[in-house]
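Next comes coords-v7.txt, a file with compact mmCIF, C-alpha atoms.
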# COMPACT_ATOMS: atom_id res chain seq x y z
CA MET A 1047 3.63 -16.10 28.81
CA ARG A 1048 4.38 -19.75 28.29
CA THR A 1049 7.24 -21.70 26.78
CA ILE A 1050 6.05 -24.82 24.98
CA MET A 1051 8.35 -27.71 24.13
CA LEU A 1052 7.47 -29.42 20.87
CA SER A 1053 8.43 -32.93 19.97
CA VAL A 1054 8.59 -33.02 16.20
CA PRO A 1055 9.66 -36.28 14.56
CA GLY A 1056 11.67 -35.48 11.47
CA TRP A 1057 12.23 -31.79 12.30
CA ALA A 1058 14.92 -30.75 9.87
CA GLY A 1059 16.47 -28.21 12.25
CA HIS A 1060 16.39 -24.44 12.18
CA ALA A 1061 18.59 -21.36 12.36
CA ALA A 1062 18.58 -19.03 15.35
CA GLY A 1063 16.05 -16.28 14.69
CA GLN A 1064 13.60 -18.25 12.56
CA HIS A 1065 9.91 -18.74 13.30
CA LEU A 1066 7.29 -21.40 12.69
CA ASP A 1067 3.58 -21.50 11.98
CA VAL A 1068 1.13 -23.12 14.41
CA ARG A 1069 -2.18 -24.33 13.04
CA LEU A 1070 -5.11 -25.24 15.29
CA THR A 1071 -8.12 -27.18 14.04
CA ALA A 1072 -11.52 -27.24 15.77
CA GLU A 1073 -13.76 -30.29 15.68
CA ASP A 1074 -15.83 -28.87 12.85
CA GLY A 1075 -12.74 -28.24 10.72
CA TYR A 1076 -12.38 -24.52 11.48
CA THR A 1077 -8.69 -23.62 11.53
CA ALA A 1078 -6.57 -20.72 12.76
CA GLU A 1079 -2.86 -20.24 12.15
CA ARG A 1080 -0.26 -17.86 13.57
CA SER A 1081 3.53 -17.49 13.47
CA TYR A 1082 5.75 -17.74 16.55
CA SER A 1083 9.46 -17.16 16.94
CA ILE A 1084 11.47 -20.23 17.88
CA ALA A 1085 12.91 -19.86 21.39
CA SER A 1086 15.34 -22.79 21.34
CA ALA A 1087 18.75 -22.92 19.73
CA PRO A 1088 19.52 -25.05 16.70
CA GLY A 1089 20.02 -28.65 17.82
CA GLU A 1090 18.03 -28.24 21.05
CA ALA A 1091 14.55 -29.59 21.73
CA LEU A 1092 12.23 -27.32 19.76
CA ALA A 1093 10.49 -24.67 21.85
CA ILE A 1094 8.33 -21.61 21.29
CA THR A 1095 7.48 -18.91 23.81
CA VAL A 1096 3.98 -17.55 23.45
CA GLU A 1097 2.66 -14.33 24.91
CA ARG A 1098 -1.03 -14.42 25.71
CA LEU A 1099 -2.87 -11.66 23.89
CA ASP A 1100 -6.26 -10.83 25.39
CA ASP A 1101 -7.82 -10.37 21.98
CA GLY A 1102 -5.87 -13.23 20.44
CA GLU A 1103 -7.33 -16.34 18.91
CA VAL A 1104 -4.43 -18.78 19.02
CA SER A 1105 -2.31 -17.50 21.92
CA PRO A 1106 -5.00 -17.97 24.64
CA TYR A 1107 -5.33 -21.59 23.55
CA LEU A 1108 -1.58 -22.18 23.52
CA THR A 1109 -1.01 -20.50 26.88
CA GLU A 1110 -4.05 -21.84 28.78
CA GLU A 1111 -5.66 -24.81 27.11
CA LEU A 1112 -2.83 -26.81 25.59
CA ARG A 1113 -1.58 -29.69 27.76
CA ALA A 1114 1.43 -31.97 27.60
CA GLY A 1115 0.74 -34.77 25.17
CA ASP A 1116 -1.63 -32.78 22.94
CA GLU A 1117 -0.97 -32.73 19.23
CA ILE A 1118 -0.77 -29.53 17.23
CA GLU A 1119 0.19 -28.92 13.65
CA ILE A 1120 3.28 -26.87 12.92
CA ARG A 1121 5.10 -25.78 9.82
CA GLY A 1122 8.61 -24.46 9.54
CA PRO A 1123 11.19 -23.30 10.03
CA ILE A 1124 10.36 -20.08 8.21
CA GLY A 1125 12.41 -17.01 7.36
CA GLY A 1126 16.01 -16.89 6.18
CA TYR A 1127 16.89 -13.24 6.77
CA PHE A 1128 16.40 -12.52 10.47
CA ILE A 1129 18.91 -15.19 11.47
CA TRP A 1130 22.32 -15.51 13.07
CA THR A 1131 24.41 -18.52 12.12
CA GLY A 1132 27.52 -17.86 14.19
CA ASP A 1133 29.74 -18.22 11.11
CA ASP A 1134 31.03 -14.66 11.36
CA ALA A 1135 33.17 -14.60 14.48
CA ALA A 1136 34.48 -11.06 13.98
CA THR A 1137 31.26 -9.05 13.93
CA PRO A 1138 29.72 -7.93 17.23
CA LEU A 1139 25.95 -8.18 17.58
CA LEU A 1140 23.51 -5.68 18.95
CA LEU A 1141 20.12 -7.19 19.74
CA VAL A 1142 17.28 -4.85 20.62
CA ALA A 1143 14.10 -6.45 21.98
CA GLY A 1144 10.74 -4.96 22.82
CA GLY A 1145 8.60 -7.22 25.03
CA SER A 1146 8.22 -10.72 23.61
CA GLY A 1147 10.51 -9.63 20.78
CA VAL A 1148 13.23 -11.14 22.96
CA VAL A 1149 12.21 -14.69 21.96
CA PRO A 1150 14.37 -15.07 18.81
CA PHE A 1151 17.29 -13.51 20.72
CA ARG A 1152 17.07 -16.24 23.33
CA SER A 1153 17.67 -18.66 20.47
CA ILE A 1154 20.66 -16.61 19.31
CA LEU A 1155 22.17 -16.41 22.82
CA ARG A 1156 21.76 -20.13 23.42
CA HIS A 1157 23.23 -20.84 20.00
CA ARG A 1158 26.27 -18.72 20.86
CA HIS A 1159 26.65 -20.64 24.11
CA ASN A 1160 26.31 -24.05 22.48
CA LEU A 1161 28.81 -23.13 19.78
CA GLY A 1162 31.31 -21.84 22.33
CA SER A 1163 31.32 -18.67 20.23
CA ARG A 1164 33.05 -15.56 21.55
CA VAL A 1165 31.19 -13.10 19.38
CA PRO A 1166 30.50 -10.07 21.59
CA ILE A 1167 26.77 -9.52 22.04
CA ARG A 1168 24.83 -6.73 23.67
CA LEU A 1169 21.14 -7.27 24.24
CA LEU A 1170 19.07 -4.21 25.01
CA TYR A 1171 15.76 -5.47 26.33
CA SER A 1172 12.85 -3.10 26.82
CA ALA A 1173 10.08 -4.45 29.05
CA ARG A 1174 7.21 -2.80 30.88
CA SER A 1175 8.37 -3.97 34.29
CA LEU A 1176 10.68 -6.55 35.83
CA PRO A 1177 7.94 -9.23 36.11
CA ASP A 1178 7.36 -8.79 32.38
CA VAL A 1179 10.95 -9.80 31.60
CA ILE A 1180 11.00 -13.26 30.01
CA TYR A 1181 13.93 -15.64 30.68
CA GLN A 1182 15.29 -13.28 33.35
CA GLN A 1183 17.18 -15.95 35.24
CA GLU A 1184 18.78 -17.25 32.08
CA LEU A 1185 19.67 -13.77 30.86
CA ASP A 1186 21.17 -12.81 34.20
CA GLN A 1187 23.54 -15.77 33.91
CA ALA A 1188 24.69 -14.88 30.43
CA ASP A 1189 28.15 -15.99 29.31
CA ASP A 1190 31.22 -13.79 29.26
CA GLY A 1191 31.06 -11.48 26.30
CA VAL A 1192 27.29 -11.14 26.51
CA ALA A 1193 25.88 -8.02 28.14
CA VAL A 1194 22.17 -7.80 28.88
CA ILE A 1195 20.91 -4.27 29.45
CA TYR A 1196 17.33 -3.81 30.62
CA THR A 1197 15.19 -0.77 30.35
CA LEU A 1198 11.87 -0.80 32.20
CA THR A 1199 9.36 1.52 30.61
CA ARG A 1200 6.38 1.55 33.00
CA GLN A 1201 7.42 0.43 36.42
CA GLN A 1202 10.78 0.00 38.14
CA PRO A 1203 11.25 -1.96 41.34
CA PRO A 1204 12.50 -0.07 44.43
CA GLY A 1205 16.25 0.48 44.21
CA TRP A 1206 16.31 -0.19 40.45
CA THR A 1207 19.63 1.07 39.11
CA GLY A 1208 19.07 0.04 35.50
CA HIS A 1209 17.56 2.11 32.76
CA ALA A 1210 14.02 3.41 32.78
CA GLY A 1211 11.99 4.68 29.88
CA ARG A 1212 12.03 4.00 26.19
CA ALA A 1213 14.88 2.72 24.08
CA ASP A 1214 15.37 6.17 22.59
CA ARG A 1215 18.29 7.54 20.66
CA GLN A 1216 20.17 8.52 23.80
CA LEU A 1217 19.94 5.07 25.30
CA LEU A 1218 20.84 3.45 21.98
CA ALA A 1219 23.90 5.69 21.71
CA GLU A 1220 24.94 4.58 25.17
CA VAL A 1221 24.39 0.88 24.63
CA ALA A 1222 25.22 0.24 20.98
CA TRP A 1223 28.64 -0.82 19.74
CA PRO A 1224 30.51 2.08 18.13
CA ALA A 1225 29.61 2.36 14.45
CA GLU A 1226 33.31 1.85 13.57
CA GLN A 1227 32.99 -1.73 14.77
CA ASP A 1228 30.33 -2.26 12.11
CA PRO A 1229 27.99 -4.32 14.32
CA MET A 1230 25.21 -6.47 12.94
CA ILE A 1231 21.97 -5.27 14.48
CA PHE A 1232 18.72 -7.17 15.03
CA VAL A 1233 15.59 -5.42 16.28
CA CYS A 1234 12.43 -7.33 17.22
CA GLY A 1235 9.24 -6.15 18.86
CA PRO A 1236 5.95 -4.39 18.27
CA THR A 1237 5.83 -2.17 15.21
CA PRO A 1238 6.08 1.26 16.93
CA PHE A 1239 9.02 0.00 18.99
CA VAL A 1240 10.87 -1.33 15.94
CA GLU A 1241 10.12 1.81 13.93
CA ALA A 1242 11.51 4.05 16.68
CA VAL A 1243 14.59 1.94 17.39
CA ALA A 1244 15.49 1.41 13.73
CA ALA A 1245 15.06 5.11 12.99
CA GLY A 1246 17.14 5.98 16.05
CA LEU A 1247 19.94 3.68 14.92
CA VAL A 1248 19.92 5.09 11.38
CA GLY A 1249 20.05 8.57 12.90
CA LEU A 1250 23.11 7.55 14.92
CA GLY A 1251 24.88 6.57 11.72
CA TYR A 1252 24.41 2.81 11.55
CA PRO A 1253 23.90 1.75 7.93
CA ALA A 1254 20.35 0.62 7.18
CA GLN A 1255 21.60 -2.57 5.54
CA ARG A 1256 23.20 -3.65 8.84
CA ILE A 1257 19.86 -3.41 10.66
CA ARG A 1258 17.48 -6.36 10.39
CA THR A 1259 14.00 -6.05 11.79
CA GLU A 1260 11.13 -8.29 12.75
CA ARG A 1261 7.88 -6.57 13.69
CA PHE A 1262 4.61 -7.73 15.04
CA GLY A 1263 1.73 -5.41 14.37
CA GLY A 1264 -1.91 -5.37 15.36
CA ALA A 1265 -1.92 -8.96 14.20
CA GLU A 1266 -1.06 -11.67 16.67
CA GLY A 1267 2.28 -13.43 16.56
CA SER A 1268 5.48 -12.22 14.99
CA MET B 1131 -6.03 -34.47 7.50
CA SER B 1132 -5.28 -32.14 10.37
CA PRO B 1133 -5.40 -33.44 13.94
CA ILE B 1134 -8.18 -31.88 16.02
CA SER B 1135 -6.81 -29.45 18.61
CA ARG B 1136 -8.61 -30.63 21.74
CA GLY B 1137 -10.72 -27.87 23.20
CA PHE B 1138 -10.04 -25.37 20.42
CA ARG B 1139 -13.11 -23.52 19.24
CA GLY B 1140 -11.68 -20.40 17.63
CA ARG B 1141 -12.97 -16.88 17.72
CA ARG B 1142 -16.14 -17.54 15.78
CA SER B 1143 -17.44 -14.02 16.00
CA GLU B 1144 -14.55 -12.99 13.82
CA ALA B 1145 -14.59 -16.04 11.58
CA PRO B 1146 -14.58 -14.81 8.01
CA ALA B 1147 -18.13 -13.90 7.12
CA ASP B 1148 -17.30 -13.65 3.47
CA THR B 1149 -15.31 -16.73 2.54
CA ALA B 1150 -15.52 -15.76 -1.10
CA ARG B 1151 -13.18 -12.89 -0.28
CA THR B 1152 -10.94 -14.49 2.35
CA PRO B 1153 -8.29 -16.85 0.95
CA PRO B 1154 -7.53 -20.12 2.78
CA GLY B 1155 -5.58 -19.76 6.03
CA GLN B 1156 -6.23 -16.01 6.29
CA TYR B 1157 -8.13 -14.08 8.95
CA LEU B 1158 -9.66 -10.63 8.59
CA THR B 1159 -8.26 -7.63 10.37
CA THR B 1160 -9.29 -4.02 10.49
CA ASP B 1161 -5.77 -2.95 11.52
CA PHE B 1162 -3.06 -2.30 9.01
CA PRO B 1163 -0.09 -4.25 10.43
CA VAL B 1164 3.43 -3.32 9.35
CA LEU B 1165 6.08 -5.85 8.33
CA SER B 1166 9.45 -4.93 6.87
CA ALA B 1167 12.91 -6.43 6.96
CA GLY B 1168 14.78 -3.24 7.86
CA PRO B 1169 14.49 0.40 8.87
CA THR B 1170 11.94 2.62 7.14
CA PRO B 1171 13.72 4.76 4.51
CA HIS B 1172 12.94 8.46 4.17
CA THR B 1173 13.90 9.70 0.71
CA PRO B 1174 13.13 13.41 0.18
CA LEU B 1175 10.56 13.85 -2.58
CA ARG B 1176 12.87 16.20 -4.49
CA ASP B 1177 15.31 13.29 -4.85
CA TRP B 1178 12.66 10.68 -5.57
CA THR B 1179 12.30 9.18 -9.04
CA PHE B 1180 10.54 6.20 -10.53
CA SER B 1181 12.36 4.39 -13.32
CA ILE B 1182 11.45 1.69 -15.73
CA GLN B 1183 14.62 -0.15 -16.66
CA GLN B 1184 15.46 -2.96 -19.00
CA ALA B 1185 18.14 -5.26 -17.58
CA GLY B 1186 19.40 -2.41 -15.40
CA THR B 1187 19.38 0.36 -18.04
CA ASP B 1188 16.91 3.23 -17.66
CA LEU B 1189 14.24 3.35 -20.34
CA ARG B 1190 12.19 6.10 -18.74
CA THR B 1191 12.31 8.03 -15.47
CA TRP B 1192 9.66 10.15 -13.76
CA THR B 1193 10.20 12.64 -10.97
CA TRP B 1194 7.69 12.79 -8.10
CA GLN B 1195 5.87 15.70 -9.72
CA GLU B 1196 5.82 13.91 -13.07
CA LEU B 1197 4.36 10.80 -11.45
CA LEU B 1198 1.61 12.83 -9.81
CA ALA B 1199 0.81 14.39 -13.17
CA LEU B 1200 0.05 10.99 -14.72
CA PRO B 1201 -3.56 9.83 -14.87
CA ALA B 1202 -4.35 8.06 -11.61
CA GLU B 1203 -7.20 5.81 -10.48
CA ASP B 1204 -9.02 5.37 -7.20
CA VAL B 1205 -8.95 1.66 -6.51
CA THR B 1206 -10.62 -0.34 -3.73
CA VAL B 1207 -9.09 -3.77 -3.26
CA ASP B 1208 -8.70 -6.60 -0.74
CA ILE B 1209 -5.14 -7.29 0.43
CA HIS B 1210 -3.67 -10.51 1.82
CA CYS B 1211 -0.45 -10.71 3.82
CA VAL B 1212 1.50 -13.98 3.98
CA THR B 1213 1.54 -13.59 7.79
CA ARG B 1214 -2.18 -14.48 7.51
CA TRP B 1215 -4.05 -11.23 7.88
CA SER B 1216 -6.34 -10.02 5.15
CA LYS B 1217 -7.91 -6.59 4.95
CA LEU B 1218 -10.95 -5.92 2.81
CA ASP B 1219 -11.85 -2.81 0.83
CA THR B 1220 -8.58 -0.90 1.15
CA ARG B 1221 -8.70 2.38 -0.78
CA TRP B 1222 -5.77 3.69 -2.78
CA ARG B 1223 -4.95 6.38 -5.30
CA ALA B 1224 -2.54 4.96 -7.78
CA VAL B 1225 -1.07 5.07 -11.28
CA PRO B 1226 -1.71 1.89 -13.28
CA ILE B 1227 1.43 0.03 -14.32
CA ASP B 1228 -0.16 -0.13 -17.79
CA THR B 1229 0.07 3.68 -17.97
CA LEU B 1230 3.78 3.61 -17.09
CA LEU B 1231 4.60 0.77 -19.47
CA ALA B 1232 2.84 2.57 -22.32
CA HIS B 1233 5.79 5.00 -22.31
CA VAL B 1234 8.42 2.35 -23.04
CA ASP B 1235 9.18 -0.17 -25.72
CA HIS B 1236 10.10 -3.58 -24.39
CA HIS B 1237 9.80 -7.32 -24.92
CA ALA B 1238 10.22 -8.45 -21.32
CA ARG B 1239 8.19 -11.17 -19.59
CA PHE B 1240 9.28 -10.53 -16.02
CA ALA B 1241 9.83 -7.58 -13.74
CA LEU B 1242 11.90 -7.06 -10.61
CA ALA B 1243 10.61 -4.18 -8.50
CA PHE B 1244 13.41 -2.29 -6.74
CA CYS B 1245 13.09 -0.04 -3.72
CA ASP B 1246 14.76 2.31 -1.29
CA GLY B 1247 16.48 0.21 1.35
CA GLY B 1248 17.47 -2.46 -1.17
CA TYR B 1249 14.25 -4.50 -1.13
CA THR B 1250 13.30 -6.28 -4.35
CA THR B 1251 10.46 -8.54 -5.44
CA ASN B 1252 9.78 -10.35 -8.70
CA VAL B 1253 6.46 -10.46 -10.54
CA PRO B 1254 5.66 -11.80 -14.02
CA LEU B 1255 4.80 -8.88 -16.27
CA ALA B 1256 1.48 -10.52 -17.10
CA ASP B 1257 0.53 -9.94 -13.43
CA LEU B 1258 1.46 -6.27 -13.52
CA THR B 1259 -0.57 -5.39 -16.63
CA SER B 1260 -4.24 -5.46 -17.72
CA GLY B 1261 -5.35 -3.32 -14.80
CA GLN B 1262 -3.98 -5.67 -12.13
CA ALA B 1263 -1.25 -3.51 -10.59
CA TRP B 1264 -0.45 0.08 -9.71
CA VAL B 1265 2.08 2.43 -8.16
CA ALA B 1266 0.10 3.74 -5.18
CA TYR B 1267 0.80 7.01 -3.37
CA GLU B 1268 -2.36 7.62 -1.34
CA TYR B 1269 -4.01 5.32 1.15
CA ASP B 1270 -7.49 6.01 2.49
CA GLY B 1271 -7.46 9.53 1.10
CA ARG B 1272 -4.11 10.54 2.59
CA PRO B 1273 -0.49 10.47 1.45
CA LEU B 1274 0.88 6.97 1.97
CA ALA B 1275 2.67 6.85 5.36
CA PRO B 1276 6.37 5.90 5.32
CA GLU B 1277 5.87 2.75 7.44
CA HIS B 1278 3.31 1.54 4.89
CA GLY B 1279 5.67 2.20 2.00
CA GLY B 1280 5.30 5.89 1.32
CA PRO B 1281 5.89 7.94 -0.65
CA ALA B 1282 4.89 5.19 -3.10
CA ARG B 1283 4.52 1.43 -3.16
CA LEU B 1284 3.69 -1.20 -5.70
CA LEU B 1285 0.13 -2.49 -5.40
CA VAL B 1286 -0.47 -6.01 -6.75
CA PRO B 1287 -3.47 -7.06 -4.66
CA HIS B 1288 -4.07 -10.45 -6.26
CA LEU B 1289 -0.71 -11.72 -4.92
CA TYR B 1290 0.46 -11.91 -1.28
CA PHE B 1291 1.24 -8.43 -0.07
CA TRP B 1292 5.04 -8.80 0.07
CA LYS B 1293 4.84 -8.50 -3.73
CA SER B 1294 3.36 -5.00 -3.25
CA ALA B 1295 6.83 -3.62 -2.61
CA LYS B 1296 7.10 -0.66 -0.23
CA TRP B 1297 9.24 2.39 -1.07
CA ILE B 1298 9.32 1.42 -4.74
CA ARG B 1299 11.71 3.29 -7.02
CA GLY B 1300 11.22 1.37 -10.22
CA LEU B 1301 10.75 -1.79 -12.23
CA ASP B 1302 13.54 -3.64 -13.98
CA LEU B 1303 12.13 -5.47 -17.00
CA LEU B 1304 13.79 -8.82 -17.55
CA ALA B 1305 13.70 -11.59 -20.13
CA ALA B 1306 14.14 -14.25 -17.43
CA ASP B 1307 12.63 -14.48 -13.96
CA GLU B 1308 14.93 -13.47 -11.10
CA PRO B 1309 13.92 -14.05 -7.47
CA GLY B 1310 13.58 -10.98 -5.24
CA PHE B 1311 14.35 -10.52 -1.56
CA TRP B 1312 11.84 -12.76 0.23
CA GLU B 1313 11.75 -15.12 -2.73
CA ARG B 1314 15.42 -15.86 -2.00
CA TYR B 1315 14.68 -16.36 1.71
CA GLY B 1316 12.24 -19.22 1.45
CA TYR B 1317 9.02 -17.56 0.33
CA HIS B 1318 7.09 -18.65 -2.73
CA ASN B 1319 8.25 -17.34 -6.08
CA TYR B 1320 4.75 -16.41 -7.28
CA GLY B 1321 2.63 -16.00 -4.12
CA ASP B 1322 -1.00 -16.61 -5.07
CA PRO B 1323 -3.06 -16.35 -1.84
CA TRP B 1324 -5.94 -18.38 -3.31
CA ARG B 1325 -3.60 -21.33 -3.90
CA GLU B 1326 -1.90 -20.62 -0.55
CA GLN B 1327 1.53 -20.24 -2.13
CA ARG B 1328 3.23 -18.95 1.01
CA TYR B 1329 6.59 -20.69 1.05
CA ALA B 1330 8.90 -22.30 -1.50
CA GLY B 1331 7.44 -25.68 -2.40
CA ASP B 1332 3.76 -24.77 -1.82
Can the structure in the file be given as structure tokens, please?
Amino acid sequence: MRTIMLSVPGWAGHAAGQHLDVRLTAEDGYTAERSYSIASAPGEALAITVERLDDGEVSPYLTEELRAGDEIEIRGPIGGYFIWTGDDAATPLLLVAGGSGVVPFRSILRHRHNLGSRVPIRLLYSARSLPDVIYQQELDQADDGVAVIYTLTRQQPPGWTGHAGRADRQLLAEVAWPAEQDPMIFVCGPTPFVEAVAAGLVGLGYPAQRIRTERFGGAEGS
Amino acid sequence: MSPISRGFRGRRSEAPADTARTPPGQYLTTDFPVLSAGPTPHTPLRDWTFSIQQAGTDLRTWTWQELLALPAEDVTVDIHCVTRWSKLDTRWRAVPIDTLLAHVDHHARFALAFCDGGYTTNVPLADLTSGQAWVAYEYDGRPLAPEHGGPARLLVPHLYFWKSAKWIRGLDLLAADEPGFWERYGYHNYGDPWREQRYAGD
């Protein structure tokens, strides 16, 4: 896992939750492109957080080979649906992340902080183990009104008092805002995770049109 | 001219062997990744219908059983997702849009596909006819799985795959073009993978 700061002259800005495309070009002109969620908030220095995938083509380069000062080609921002602008101060947010699906939510949380917004946010973050949690220090110092709830699916440290196991319907029922509060819900993660969480939320009575999803499948990136 | 990415070689073993079938900026996958903007809907087949509308008014509606009774084709096509994966030789069982349109009288030039869950996408009618598009209900010899758009999805393989709307419930025939869901959120209005029309402005 690596967070990469990008200096982009003329970057027009982005909304929290958007992604961008990275394009790499080999000396012989061969190119490969993938999408990555933007990890920084609007107005901050642009950053992406990249998870290294063993069978990936672009992520091993970005996480291991790329050095400060190198040039890469990017395009964006992309996507206008899976975003949070902060304009709606009355609607609580539920964010549900699986693994590196937490990246766009880091942008949302930082945006809330920078705006001085008081929108109540709960982030349910499912990770394999504590060392797999990205941005842990930052998340553990979240502002008032932001609750970060971890569930560790594979391995829990000794004395772990948080949740263990999958973000199933029972855990969602425990963590999610009551349906009467009509929360806006964002779910991001690998496809099976998003399928299960979104179905669980619909089953609990949250309207499908209040649930926005971003999935990454067998393909690399988001 | 793209800057060279120092030290980048790429995964040559999986570089497209057949560039004639892989549009620019795409890589081949054998997976079938899933991308959708919201939860997967599950409409019971007894409640499922497919409608051809004109400006919102039903011209003709088929039940699930009626759709299955229409002449279908086995089609093998390459598909190209805007998120850059392409998959070759995907096999579908599907009813041609030509067959459905033969049952209605219309003078439309555009269509807006509408779906369970509220998704829409726009396609010129000229791209849905002449054997270029289908309503598909089997993939690889099996009923189309809900996460891939089952019970039925639009199949327009010559455009980026977001045009092949999952969970389709009908086509609204329109005199004027009207952007659909992703087309309103920054994606290209037409979406030709061979001209790399990914985003608005391409």
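Nearest to chain A of all the residues B:Trp1312, B:Trp1324, B:Phe1291, B:Tyr1267 is B:Trp1312, based on all atoms listed in the file.
Every chain A residue lying within 6 Å of chain B, based on only C-alpha atoms, is listed here: Leu1070, Thr1071, Ala1072, Glu1073, Glu1103, Gly1126, Ala1244, Ile1257, Arg1258, Thr1259, Arg1261, Gly1263 and Gly1264 of chain A.
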- Residues near Leu1247 (chain A), cut-off 9 Å, only C-alpha atoms, skip fewer than 2 positions along chain, as a PyMOL selection string: (chain A and resi 1215+1218-1219+1222+1242-1245+1249-1254+1257) or (chain B and resi 1169)
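Reported to one decimal place, the separation of CA of Arg1164 (chain A) from CA of Asp1186 (chain A) is 17.6 Å.
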- Task: Could you tell me how far CA of Trp1222 (chain B) lies from CA of Ile1298 (chain B), in Å and to one decimal?
- Result: 15.4 Å
- Message: My list of candidates is A:Arg1256, A:Arg1048, A:Arg1113, A:Arg1152. Which is closest to Glu1097 (chain A) when distances are computed with all atoms listed in the file?
- Response: A:Arg1048
- Message: If we count all atoms listed in the file and set the cut-off at 10 Å, which residues sit around Asp1235 (chain B), ignoring sequence neighbours fewer than 5 positions away in its own chain? Please answer as a PyMOL selection string.
- Response: chain B and resi 1184+1189-1190
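Distances here use only C-alpha atoms; by that measure, the residue among B:Trp1297, B:Trp1264, B:Tyr1290, B:Phe1244 closest to Glu1203 (chain B) is B:Trp1264.
Counting all atoms listed in the file and comparing A:Glu1117, A:Asp1134, A:Glu1241, A:Asp1178, the residue that lies closest to Val1054 (chain A) is A:Glu1117.
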- Query: Could you tell me, as a PyMOL selection string, which residues have any atom at most 9 Å from (4.0, -4.2, 37.0), counting all atoms listed in the file?
  - Reply: chain A and resi 1174-1178+1200-1203
- Query: Within 9 Å of (11.6, 3.2, -9.3), all atoms listed in the file: residues as a VMD selection string?
  - Reply: chain B and resid 1178 to 1183 1191 to 1192 1243 to 1246 1297 to 1302
- Message: Need the shell around Thr1197 (chain A): protein/DNA/RNA residues with any atom at most 12 Å away, counting all atoms listed in the file. Skip same-chain ones fewer than 2 positions apart. Format as a VMD selection string?
- Response: chain A and resid 1142 to 1145 1169 to 1176 1178 to 1179 1194 to 1195 1199 to 1203 1206 to 1214 1217 to 1218 1221
- CA of Val1148 (chain A) sits from CA of Pro1088 (chain A) at a separation of 16.5 Å
- Message: Give me, as a ChimeraX atom specification, all polymer residues having an atom no more than 9 Å from Val1225 (chain B), counting only C-alpha atoms and skipping those fewer than 4 positions away in the same chain.
- Response: /B:1197-1198,1200-1204,1229-1230,1263-1267
